[in-house]
Every structure is written in structure tokens, then in C-alpha cells.
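As C-alpha cells, the structure follows; a few thoughts come after it.
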Amino acid sequence: MRQDIGHGRIAGSLLLAGILIVAAALRIFGLDRTSLWYDEAVSWSQSSGTFRELLSSVAADNYPPLHNVILWLTMPVLGDSETALRLPSALLGVLAVWLIYLTGRALAGEGQGAGCVGLLAAALLALSPFHVWYSTEARMYALLAACGLAFLLSLLKVLHRPSAGWFILLCISGAAFLYSHIYALLGFATVGLVCAAHALRDTLRAGRFTASPATLACIGMGFGALAFLPWLIILANRARSVAESGFWIAYPDSQFLKAMAFSIAGSLVYLSILAALALIYCLCAIRVETEFSSGDRKKGRAVLVCLAYTAGPLVLACLYSLLVQPILFDRYLISAWPGLLLLAAAGAHQLAPRIGPILLVAAALVLTFPELRFTLYDKVRPNWRGIVQDYRINRSTDDQLVLYKGFAAPALEYYLRPPDEFVTAMDRDELKKLPPPPAGGDRWLLLVHNSHEEMKEALDALSISDPTPVAQRFGWGASGLRLLRSGKPH
């Protein structure tokens with residue numbers, strides 16, 4: 001028996017190593033295949049100065065600073081190439097695959113199938129096109145997923161068998177989760193409500209206050225929330241200005257939700273399979289939590305916490321989007337996505353311990369392979385690298401480049417250094433007030449993510465009669481990234 005267990009552990013360790021190697025290969029492969037897009041360039045710009053400048057610039061934005069701090073620490077060592085800026089995200093993506101394995105074991109309990117659930121969840125996340133894509137972006141999304149899993153893992157450990165080590169990790173991981181992205185608040189809040197309800201029930205059953213695992217979990221989360229309080233105040237002040245000026249995210253109608261679901265899962269059929277398996281597992285766990293022994297109830301509580309972690313961000317963001325202002329977007333749910341994979345992996349193992357995991361991995365490979373291949377080879381970001389190369393090839397020494405609109409300046413600064421090689425304008429009046437280029441130089445206009453109306457406005461302001469671009473690269477909006485030579489200004 002012991003020999004069989006030993007062989008099983010060795011096989012499990014080898015399988016986990018293989019999954020991590022695949023995860024690393026998928027995420028590190030072609031890190032510089034696409035150029036940095038605007039948001040990534042903002043991360044670079046905000047993290048390039050002093051630490052005080054970093055905090056000041058991020059405080060004026062809409063998210064916490066943890067990812068910027070990581071870039072601030074790594075850029076002096078790795079540099080600021082496209083690969084160097086994206087490498088921390090790629091490594092965090094691999095870390096998330098390892099963490100979901102550990103979390104799967106914690107969710108399934110100490111039984112014989114715990115390792116299988118963890119390995120299955122790790123394999124599903126390793127192959128996820130959605131997670132692969134955002135693990136190759138110099139933004140905070142891979143960090144959000146990794147910190148969320150660390151938080152969920154430490155919370156499940158405290159709920160199952162509290163210890164000083166896991167309690168401290170819960171405090172730290174909870175704070176890190178909150179400092180990774182504002183959407184972490186949604187998952188953190190719903191999980192906190194579930195833990196608080198269990199803590200209250202434990203107290204009522206005992207007839208007095210008791211330091212039950214659920215109570216300790218609430219205390220640990222409280223320390224994490226307290227550490228985040230200073231930045232929460234900053235975000236609350238920023239939320240007012242964002243609400244007044246409006247936001248770019250579309251209203252979540254049925255078409256929007258369908259597109260978002262495909263973006264996250266890579267296949268609507270695959271998403272349906274995952275949701276069905278997760279639902280079956282959760283329903284069984286709720287029954288166990290209410291009817292059976294304390295040991296079984298611990299497992300039921302773990303599943304309810306995982307369900308809150310998974311569904312909470314989606315439900316709360318949907319409600320806020322429908323009732324107040326649209327905030328629901330696919331990449332913001334990257335921490336909730338592993339939660340669904342965990343529940344589905346546990347469901348597949350529960351329904352068919354031997355064949356279920358194999359069939360689910362096969363379904364993931366078959367149904368999402370086209371999207372995975374597209375992600376690795378064909379999916380693109382706005383091509384700032386290419387448009388700057390086009391300008392450098394065609395310009396003369398005394399030419400002047402005008403960027404319209406100026407919000408995209410960080411992306412142009414990254415590729416066109418030094419930054420004083422261009423000027424920016426945000427509207428028609430600013431275009432008309434531009435200083436002339438040096439004597440003998442031509443003026444160039446770079447249109448970025450503009451609508452048809454904005455393009456016409458810019459052409460009229462600079463008296464450009466021929467709108468034929470010298471170069472056109474991929475970018476969002478009607479204009480994409482469009483470079484025009486307007487000649488010498490009148």
C-alpha cells in the first residue's frame with residue numbers, strides 16, 4: 001500500500017512538472033510578438049520614475065499600485081524591453097497554475113482524489129487561451145489571478161485547519177489581492193460575507209463568541225482589508241470623477257455578454273460544460289454542508305467560499321453595470337475564472353473519478369484549441385512598434401509629428417524616444433494652436449483610435465485635403481493607427 005502511494009506521489013509530481021513546463025512554454029513563447037499597446041505603455045511610464053512619482057501617477061488612475069511596484073523593482077535589473085516588461089506577468093501566470101493545483105487539493109480535502117482535482121484544475125488553467133493572453137501583457141491581470149488564488153488557498157487552509165503560518169499568509173495574500181486590481185474588492189467582499197455568516201452561525205451554536213476557523217478567517221481578512229484602507233480612500237475619491245466623466249465600457253446587453261463569455265472560455269460549449277460540472281458539485285456540497293458531519297461540513301464550507309469567490313465578481317459587476325454604470329469587462333474577471341475551473345475539476349472527478357478528468361481535458365483541448373492557436377500566433381494588439389517604424393522610414397530631420405489624441409502619448413514615447421520628437425493635441429482648438437515645425441520641415445499627423453467624426457475634425461483643423469495615409473497599422477476605432485503627411489503648414 002505504501003509503495004503504491006509513493007508511486008502515485010511520484011507520478012503526480014511528474015505530471016505537475018509537465019503541466020508547469022507547458023504553462024511556461026505557452027506564456028513565455030513570443031513575449032515580444034506584438035508591440036506594447038497603450039495600457040502597457042502607461043504601466044511602463046508610471047513605473048519609470050521615482051517611487052514617489054509612481055505612487056502619485058497611479059493614484060491619479062483607477063487601480064492599485066502593486067503591479068507598477070513590481071515593474072519598478074524589475075526594470076533596473078531586466079531593462080524595459082517588451083520582453084522584460086512582460087516577463088513578470090508570464091512568471092505570475094505560471095505561478096497561478098501552481099497555486100491552482102494547491103488550491104484544488106485544498107478544495108477537495110485530504111482524500112485520495114485531492115491530487116487529481118488539483119492536477120486537473122492546473123491543466124485547464126495552463127491551457128486557457130484567456131489566461132495565456134493576459135499572462136503575456138505588461139499589466140496587472142496575471143498578478144490579479146495569482147494573488148487571488150494565493151488568497152483563496154490560504155483562506156481554505158485556515159477554514160480547514162487553522163495555523164499561525166496560514167493565518168499570516170491569509171493576511172498578506174488578502175492585502176496583495178486587494179492591491180492588485182480594484183475588481184479584487186468584489187471577490188473579497190463576497191467571500192467575506194460567506195465567512196462572516198459561518199462565523200456568526202458558529203457563535204450562535206456555541207452560545208458564546210468562539211474563535212472558530214470561520215472567525216479566524218474573518219479576522220485575517222480584516223487585517224488584509226485594513227492594510228488596503230489607505231488606497232481604498234484614494235480609489236473612492238477617483239470613483240467620483242470617473243462617474244462624472246463617464247466610462248468607456250459598453251452596456252452589458254446579450255451580445256456583449258456572449259462575446260465576453262467566448263473571450264474568457266474560448267468556446268461557449270466548453271463554458272457550458274464547465275458551468276454544468278461546477279453547478280452539480282456546488283449543489284452536492286450545499287447538501288453536505290447542511291446535513292452531514294462536521295468534517296463533511298468543512299468541505300461544504302470550502303465549496304461555498306470558492307463559489308462566492310467565483311460568482312461574486314460577475315454578479316456584483318453585472319448588477320452595478322445594469323443599475324449604475326457599466327463596469328463589466330472580460331479581463332477584469334481573470335481572478336474569478338480559475339474559481340470556475342476549480343469547481344468544474346472537482347465536479348468532473350466526483351461524477352467519474354477515472355474517466356471524468358480525462359474527458360474534461362480532452363474537451364478543453366478540442367474545443368479551445370482554435371482560440372489557443374489564434375492567441376499564440378495571430379491575435380494582435382495595436383501596432384505602435386510598426387507605425388513608429390513607418391514614421392522613421394519616411395520622415396526628414398526637421399519634420400514635426402502631431403499625435404491626435406494626446407492620451408496615447410505613453411505608447412508613442414516608448415517607441416519614439418526621446419519624447420520631444422512629437423507634440424500632442426486633444427481637440428480641434430489645440431490642433432490649430434500647434435507651433436510650426438522647424439523651417440523646411442513637414443508636419444505629420446498620427447490619428448489614434450479616432451472615430452470618423454474625430455478624423456474629419458483633425459483633417460479640417462490642419463487643412464489636409466488628401467486623407468490617404470502614408471501608413472496604416474492595426475488599432476481600435478475607425479482610424480486605427482493612421483499616419484498622414486500634411487506637408488508644410490500654412
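How things are named: the first chain in the C-alpha cells is A, the next is B, and so on; residues count from 1 in each chain; ligands count from 1 in the order shown.
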
- Near Leu257 of chain A, counting only C-alpha atoms, which residues have an atom at most 10 Å away, once you skip same-chain residues fewer than 3 positions from it, shown as a list of chain:residue names? A:Tyr251, A:Pro252, A:Asp253, A:Ser254, A:Met260, A:Ala261, A:Phe262, A:Ser263, A:Cys318, A:Leu328, A:Phe329, A:Asp330

Got time to write the residues from that selection, C-alpha atoms, as a CSV table (one decimal), in the first residue's frame?
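For reference, out14.csv as written:
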```
chain,number,residue,atom,x,y,z
A,251,TYR,CA,-23.6,48.3,-21.6
A,252,PRO,CA,-23.9,44.5,-20.9
A,253,ASP,CA,-26.6,43.5,-23.3
A,254,SER,CA,-26.9,39.9,-24.5
A,260,MET,CA,-17.3,38.3,-23.2
A,261,ALA,CA,-18.2,34.6,-22.4
A,262,PHE,CA,-16.4,33.4,-25.5
A,263,SER,CA,-13.4,35.6,-24.8
A,318,CYS,CA,-23.4,42.9,-13.6
A,328,LEU,CA,-18.2,44.7,-16.5
A,329,PHE,CA,-15.3,43.6,-18.8
A,330,ASP,CA,-13.7,40.2,-19.6
```

- Just the residues within 6 Å of His449 of chain A, please, counting only C-alpha atoms, with nothing from its chain fewer than 2 positions along; format it as a list in words. Trp476, Gly477, Ser479 and Gly480 of chain A

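The shell of residues at most 10 Å from Ala84 of chain A, with only C-alpha atoms counted and near chain neighbours (fewer than 2 positions) removed, consists of Leu31, Asp32, Leu71, Thr74, Met75, Val77, Leu78, Gly79, Asp80, Ser81, Glu82, Arg86, Leu87, Pro88, Ser89 and Ala138 of chain A.
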
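Restricting the calculation to only C-alpha atoms, the smallest distance between Ser486 of chain A and any of A:Ile182, A:Ala23, A:Leu459, A:Leu416 is found for A:Leu459.
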
Near segment 34-45 of chain A, counting only C-alpha atoms, which residues have an atom at most 6 Å away, once you skip same-chain residues fewer than 6 positions from it, shown as a compact mmCIF listing (two decimals) with N, CA and C atoms, in the first residue's frame?
```txt
# COMPACT_ATOMS: atom_id res chain seq x y z
N ALA A 138 1.94 43.35 -20.13
CA ALA A 138 2.60 44.10 -19.06
C ALA A 138 1.57 44.91 -18.28
N ARG A 139 0.57 44.23 -17.78
CA ARG A 139 -0.46 44.84 -16.95
C ARG A 139 -0.69 43.95 -15.73
N PRO A 382 -2.75 46.82 -30.73
CA PRO A 382 -2.45 47.98 -31.57
C PRO A 382 -0.95 48.08 -31.85
N ASN A 383 -0.61 48.24 -33.13
CA ASN A 383 0.79 48.07 -33.59
C ASN A 383 1.55 49.39 -33.52
N ARG A 385 4.65 49.73 -32.47
CA ARG A 385 6.01 49.49 -32.97
C ARG A 385 6.07 49.70 -34.47
N PRO A 410 2.00 57.90 -23.96
CA PRO A 410 2.96 56.93 -23.41
C PRO A 410 3.39 55.87 -24.42
N ALA A 411 2.45 55.38 -25.25
CA ALA A 411 2.81 54.36 -26.24
C ALA A 411 3.77 54.93 -27.27
```

Can you tell me, as a PDB file with C-alpha atoms, in the first residue's frame, which residues in segment 177-399 of chain A count as helix (DSSP H, G or I) by DSSP?
```
ATOM      1  CA  PHE A 177      -5.060  40.599  -3.776  1.00  0.00           C
ATOM      2  CA  LEU A 178      -6.704  43.929  -2.993  1.00  0.00           C
ATOM      3  CA  ALA A 184     -10.462  42.154  -6.182  1.00  0.00           C
ATOM      4  CA  LEU A 185     -12.797  44.078  -3.889  1.00  0.00           C
ATOM      5  CA  LEU A 186     -15.766  42.243  -5.398  1.00  0.00           C
ATOM      6  CA  GLY A 187     -14.409  38.754  -4.781  1.00  0.00           C
ATOM      7  CA  PHE A 188     -13.016  39.736  -1.401  1.00  0.00           C
ATOM      8  CA  ALA A 189     -16.360  41.179  -0.277  1.00  0.00           C
ATOM      9  CA  THR A 190     -18.493  38.186  -1.286  1.00  0.00           C
ATOM     10  CA  VAL A 191     -16.076  35.712   0.284  1.00  0.00           C
ATOM     11  CA  GLY A 192     -16.037  37.839   3.423  1.00  0.00           C
ATOM     12  CA  LEU A 193     -19.829  37.703   3.656  1.00  0.00           C
ATOM     13  CA  VAL A 194     -19.816  33.904   3.426  1.00  0.00           C
ATOM     14  CA  CYS A 195     -17.118  33.610   6.106  1.00  0.00           C
ATOM     15  CA  ALA A 196     -18.941  36.106   8.340  1.00  0.00           C
ATOM     16  CA  ALA A 197     -22.186  34.109   8.023  1.00  0.00           C
ATOM     17  CA  HIS A 198     -20.383  30.910   9.069  1.00  0.00           C
ATOM     18  CA  ALA A 199     -18.630  32.701  11.941  1.00  0.00           C
ATOM     19  CA  LEU A 200     -21.973  34.005  13.190  1.00  0.00           C
ATOM     20  CA  ARG A 201     -23.545  30.570  12.970  1.00  0.00           C
ATOM     21  CA  ASP A 202     -20.638  29.026  14.871  1.00  0.00           C
ATOM     22  CA  THR A 203     -21.076  31.631  17.609  1.00  0.00           C
ATOM     23  CA  LEU A 204     -24.822  31.044  17.831  1.00  0.00           C
ATOM     24  CA  ARG A 205     -24.350  27.277  18.020  1.00  0.00           C
ATOM     25  CA  ALA A 206     -21.812  27.638  20.826  1.00  0.00           C
ATOM     26  CA  PRO A 213     -11.937  28.687  11.862  1.00  0.00           C
ATOM     27  CA  ALA A 214     -14.524  30.914  10.172  1.00  0.00           C
ATOM     28  CA  THR A 215     -13.978  33.608  12.815  1.00  0.00           C
ATOM     29  CA  LEU A 216     -10.202  33.421  12.363  1.00  0.00           C
ATOM     30  CA  ALA A 217     -10.694  33.687   8.612  1.00  0.00           C
ATOM     31  CA  CYS A 218     -12.729  36.861   9.100  1.00  0.00           C
ATOM     32  CA  ILE A 219     -10.042  38.324  11.358  1.00  0.00           C
ATOM     33  CA  GLY A 220      -7.320  37.522   8.809  1.00  0.00           C
ATOM     34  CA  MET A 221      -9.336  39.118   6.028  1.00  0.00           C
ATOM     35  CA  GLY A 222      -9.901  42.110   8.292  1.00  0.00           C
ATOM     36  CA  PHE A 223      -6.155  42.663   8.602  1.00  0.00           C
ATOM     37  CA  GLY A 224      -5.810  42.474   4.824  1.00  0.00           C
ATOM     38  CA  ALA A 225      -8.627  44.971   4.342  1.00  0.00           C
ATOM     39  CA  LEU A 226      -7.112  47.304   6.945  1.00  0.00           C
ATOM     40  CA  ALA A 227      -3.804  47.295   5.056  1.00  0.00           C
ATOM     41  CA  PHE A 228      -5.692  48.274   1.890  1.00  0.00           C
ATOM     42  CA  LEU A 229      -7.705  51.061   3.528  1.00  0.00           C
ATOM     43  CA  PRO A 230      -5.369  53.965   2.545  1.00  0.00           C
ATOM     44  CA  TRP A 231      -5.608  53.089  -1.141  1.00  0.00           C
ATOM     45  CA  LEU A 232      -9.329  52.397  -0.882  1.00  0.00           C
ATOM     46  CA  ILE A 233      -9.818  56.022   0.152  1.00  0.00           C
ATOM     47  CA  ILE A 234      -7.839  57.146  -2.906  1.00  0.00           C
ATOM     48  CA  LEU A 235      -9.908  54.927  -5.199  1.00  0.00           C
ATOM     49  CA  ALA A 236     -13.154  56.189  -3.680  1.00  0.00           C
ATOM     50  CA  ASN A 237     -12.180  59.771  -4.478  1.00  0.00           C
ATOM     51  CA  ARG A 238     -11.227  58.761  -8.026  1.00  0.00           C
ATOM     52  CA  ALA A 239     -14.539  56.916  -8.472  1.00  0.00           C
ATOM     53  CA  ARG A 240     -16.430  60.194  -8.202  1.00  0.00           C
ATOM     54  CA  SER A 241     -14.559  61.797 -11.086  1.00  0.00           C
ATOM     55  CA  VAL A 242     -14.862  58.648 -13.230  1.00  0.00           C
ATOM     56  CA  ALA A 243     -18.623  58.532 -12.610  1.00  0.00           C
ATOM     57  CA  GLU A 244     -18.971  62.192 -13.577  1.00  0.00           C
ATOM     58  CA  SER A 245     -16.961  61.875 -16.797  1.00  0.00           C
ATOM     59  CA  SER A 254     -26.904  39.917 -24.520  1.00  0.00           C
ATOM     60  CA  GLN A 255     -24.495  40.343 -27.433  1.00  0.00           C
ATOM     61  CA  PHE A 256     -21.864  41.898 -25.159  1.00  0.00           C
ATOM     62  CA  LEU A 257     -22.228  39.097 -22.599  1.00  0.00           C
ATOM     63  CA  LYS A 258     -21.980  36.410 -25.264  1.00  0.00           C
ATOM     64  CA  ALA A 259     -18.792  37.932 -26.690  1.00  0.00           C
ATOM     65  CA  MET A 260     -17.335  38.258 -23.196  1.00  0.00           C
ATOM     66  CA  ALA A 261     -18.166  34.636 -22.369  1.00  0.00           C
ATOM     67  CA  PHE A 262     -16.395  33.435 -25.518  1.00  0.00           C
ATOM     68  CA  SER A 263     -13.387  35.649 -24.806  1.00  0.00           C
ATOM     69  CA  ILE A 264     -12.955  34.134 -21.352  1.00  0.00           C
ATOM     70  CA  ALA A 265     -13.668  30.468 -22.107  1.00  0.00           C
ATOM     71  CA  LEU A 268     -19.296  28.614 -25.447  1.00  0.00           C
ATOM     72  CA  VAL A 269     -19.787  24.826 -25.458  1.00  0.00           C
ATOM     73  CA  TYR A 270     -16.760  24.418 -23.207  1.00  0.00           C
ATOM     74  CA  LEU A 271     -18.078  27.118 -20.881  1.00  0.00           C
ATOM     75  CA  SER A 272     -21.412  25.291 -20.668  1.00  0.00           C
ATOM     76  CA  ILE A 273     -19.659  22.059 -19.709  1.00  0.00           C
ATOM     77  CA  LEU A 274     -17.638  23.822 -17.012  1.00  0.00           C
ATOM     78  CA  ALA A 275     -20.700  25.581 -15.621  1.00  0.00           C
ATOM     79  CA  ALA A 276     -22.716  22.351 -15.502  1.00  0.00           C
ATOM     80  CA  LEU A 277     -19.966  20.447 -13.684  1.00  0.00           C
ATOM     81  CA  ALA A 278     -19.450  23.316 -11.237  1.00  0.00           C
ATOM     82  CA  LEU A 279     -23.190  23.564 -10.543  1.00  0.00           C
ATOM     83  CA  ILE A 280     -23.501  19.845  -9.837  1.00  0.00           C
ATOM     84  CA  TYR A 281     -20.561  19.932  -7.457  1.00  0.00           C
ATOM     85  CA  CYS A 282     -21.852  23.017  -5.630  1.00  0.00           C
ATOM     86  CA  LEU A 283     -25.349  21.590  -5.181  1.00  0.00           C
ATOM     87  CA  CYS A 284     -23.917  18.403  -3.712  1.00  0.00           C
ATOM     88  CA  ALA A 285     -21.649  20.416  -1.424  1.00  0.00           C
ATOM     89  CA  ILE A 286     -24.502  22.593  -0.130  1.00  0.00           C
ATOM     90  CA  ARG A 287     -26.463  19.450   0.740  1.00  0.00           C
ATOM     91  CA  VAL A 288     -23.413  18.026   2.517  1.00  0.00           C
ATOM     92  CA  GLU A 289     -22.865  21.277   4.425  1.00  0.00           C
ATOM     93  CA  THR A 290     -26.390  21.280   5.807  1.00  0.00           C
ATOM     94  CA  GLU A 291     -26.959  17.590   6.532  1.00  0.00           C
ATOM     95  CA  SER A 294     -18.611  18.426  10.929  1.00  0.00           C
ATOM     96  CA  GLY A 295     -15.833  17.014   8.733  1.00  0.00           C
ATOM     97  CA  ASP A 296     -18.137  16.983   5.741  1.00  0.00           C
ATOM     98  CA  ARG A 297     -19.402  20.455   6.649  1.00  0.00           C
ATOM     99  CA  LYS A 298     -15.836  21.774   6.424  1.00  0.00           C
ATOM    100  CA  LYS A 299     -15.702  20.611   2.826  1.00  0.00           C
ATOM    101  CA  GLY A 300     -19.098  22.159   2.138  1.00  0.00           C
ATOM    102  CA  ARG A 301     -17.931  25.490   3.548  1.00  0.00           C
ATOM    103  CA  ALA A 302     -14.849  25.395   1.341  1.00  0.00           C
ATOM    104  CA  VAL A 303     -17.022  24.922  -1.726  1.00  0.00           C
ATOM    105  CA  LEU A 304     -19.340  27.770  -0.736  1.00  0.00           C
ATOM    106  CA  VAL A 305     -16.318  30.054  -0.304  1.00  0.00           C
ATOM    107  CA  CYS A 306     -14.997  29.037  -3.726  1.00  0.00           C
ATOM    108  CA  LEU A 307     -18.437  29.638  -5.246  1.00  0.00           C
ATOM    109  CA  ALA A 308     -18.579  33.125  -3.713  1.00  0.00           C
ATOM    110  CA  TYR A 309     -15.058  33.846  -4.978  1.00  0.00           C
ATOM    111  CA  THR A 310     -16.065  32.728  -8.485  1.00  0.00           C
ATOM    112  CA  ALA A 311     -19.553  34.171  -8.865  1.00  0.00           C
ATOM    113  CA  GLY A 312     -19.250  37.252  -6.666  1.00  0.00           C
ATOM    114  CA  PRO A 313     -17.302  39.496  -9.078  1.00  0.00           C
ATOM    115  CA  LEU A 314     -19.545  38.579 -12.012  1.00  0.00           C
ATOM    116  CA  VAL A 315     -22.832  39.070 -10.122  1.00  0.00           C
ATOM    117  CA  LEU A 316     -21.839  42.322  -8.422  1.00  0.00           C
ATOM    118  CA  ALA A 317     -20.316  43.795 -11.595  1.00  0.00           C
ATOM    119  CA  CYS A 318     -23.433  42.861 -13.575  1.00  0.00           C
ATOM    120  CA  LEU A 319     -25.726  44.468 -11.012  1.00  0.00           C
ATOM    121  CA  TYR A 320     -23.654  47.641 -10.870  1.00  0.00           C
ATOM    122  CA  SER A 321     -23.490  47.785 -14.671  1.00  0.00           C
ATOM    123  CA  LEU A 322     -27.246  47.409 -15.027  1.00  0.00           C
ATOM    124  CA  LEU A 323     -28.221  49.773 -12.219  1.00  0.00           C
ATOM    125  CA  ASP A 330     -13.732  40.241 -19.574  1.00  0.00           C
ATOM    126  CA  ARG A 331     -10.162  40.746 -18.394  1.00  0.00           C
ATOM    127  CA  TYR A 332     -11.317  42.064 -15.023  1.00  0.00           C
ATOM    128  CA  LEU A 333     -12.764  38.603 -14.290  1.00  0.00           C
ATOM    129  CA  TRP A 337     -12.044  32.310 -13.978  1.00  0.00           C
ATOM    130  CA  PRO A 338      -9.753  29.908 -12.037  1.00  0.00           C
ATOM    131  CA  GLY A 339     -12.534  29.533  -9.463  1.00  0.00           C
ATOM    132  CA  LEU A 340     -14.844  28.098 -12.111  1.00  0.00           C
ATOM    133  CA  LEU A 341     -12.077  25.751 -13.284  1.00  0.00           C
ATOM    134  CA  LEU A 342     -11.591  24.530  -9.704  1.00  0.00           C
ATOM    135  CA  LEU A 343     -15.273  23.775  -9.197  1.00  0.00           C
ATOM    136  CA  ALA A 344     -15.582  22.109 -12.606  1.00  0.00           C
ATOM    137  CA  ALA A 345     -12.486  19.971 -11.978  1.00  0.00           C
ATOM    138  CA  ALA A 346     -13.932  18.834  -8.646  1.00  0.00           C
ATOM    139  CA  GLY A 347     -17.264  18.125 -10.329  1.00  0.00           C
ATOM    140  CA  ALA A 348     -15.672  16.051 -13.091  1.00  0.00           C
ATOM    141  CA  HIS A 349     -13.754  13.997 -10.539  1.00  0.00           C
ATOM    142  CA  GLN A 350     -16.825  13.481  -8.381  1.00  0.00           C
ATOM    143  CA  LEU A 351     -19.018  12.309 -11.280  1.00  0.00           C
ATOM    144  CA  GLY A 356     -14.092  12.368 -15.935  1.00  0.00           C
ATOM    145  CA  PRO A 357     -10.794  14.304 -15.678  1.00  0.00           C
ATOM    146  CA  ILE A 358      -9.501  12.789 -18.913  1.00  0.00           C
ATOM    147  CA  LEU A 359     -12.683  13.698 -20.783  1.00  0.00           C
ATOM    148  CA  LEU A 360     -12.632  17.262 -19.440  1.00  0.00           C
ATOM    149  CA  VAL A 361      -9.025  17.843 -20.528  1.00  0.00           C
ATOM    150  CA  ALA A 362      -9.873  16.368 -23.924  1.00  0.00           C
ATOM    151  CA  ALA A 363     -12.857  18.720 -24.207  1.00  0.00           C
ATOM    152  CA  ALA A 364     -10.648  21.675 -23.299  1.00  0.00           C
ATOM    153  CA  LEU A 365      -8.090  20.743 -25.947  1.00  0.00           C
ATOM    154  CA  VAL A 366     -10.595  20.109 -28.724  1.00  0.00           C
ATOM    155  CA  LEU A 367     -12.974  22.991 -28.062  1.00  0.00           C
ATOM    156  CA  THR A 368     -10.465  25.732 -27.244  1.00  0.00           C
ATOM    157  CA  PHE A 369      -7.525  24.774 -29.483  1.00  0.00           C
ATOM    158  CA  PRO A 370      -8.570  27.146 -32.304  1.00  0.00           C
ATOM    159  CA  GLU A 371      -8.673  30.059 -29.847  1.00  0.00           C
ATOM    160  CA  LEU A 372      -5.380  28.987 -28.256  1.00  0.00           C
ATOM    161  CA  ARG A 373      -3.691  28.827 -31.648  1.00  0.00           C
ATOM    162  CA  PHE A 374      -5.129  32.229 -32.545  1.00  0.00           C
ATOM    163  CA  THR A 375      -3.849  33.635 -29.236  1.00  0.00           C
ATOM    164  CA  LEU A 376      -0.324  32.328 -29.781  1.00  0.00           C
ATOM    165  CA  TYR A 377       0.116  33.227 -33.447  1.00  0.00           C
ATOM    166  CA  TRP A 384       2.654  51.043 -32.144  1.00  0.00           C
ATOM    167  CA  ARG A 385       6.005  49.490 -32.967  1.00  0.00           C
ATOM    168  CA  GLY A 386       5.092  49.256 -36.646  1.00  0.00           C
ATOM    169  CA  ILE A 387       3.653  52.759 -37.005  1.00  0.00           C
ATOM    170  CA  VAL A 388       6.758  54.309 -35.424  1.00  0.00           C
ATOM    171  CA  GLN A 389       8.956  52.331 -37.809  1.00  0.00           C
ATOM    172  CA  ASP A 390       6.880  53.683 -40.706  1.00  0.00           C
ATOM    173  CA  TYR A 391       7.365  57.239 -39.492  1.00  0.00           C
ATOM    174  CA  ARG A 392      11.107  56.842 -39.008  1.00  0.00           C
ATOM    175  CA  ILE A 393      11.497  55.484 -42.547  1.00  0.00           C
ATOM    176  CA  ASN A 394       9.557  58.312 -44.209  1.00  0.00           C
TER     177      ASN A 394
END
```

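Take atom CA of Asp429 of chain A and atom CA of Val402 of chain A: the distance between them is 13.6 Å.
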
- Please, what distance in Å, to one decimal, runs between atom CA of Gln472 of chain A and atom CA of Phe130 of chain A? 27.7 Å

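Atom pair atom CA of Leu446 of chain A / atom CA of Leu484 of chain A: separated by 6.4 Å.
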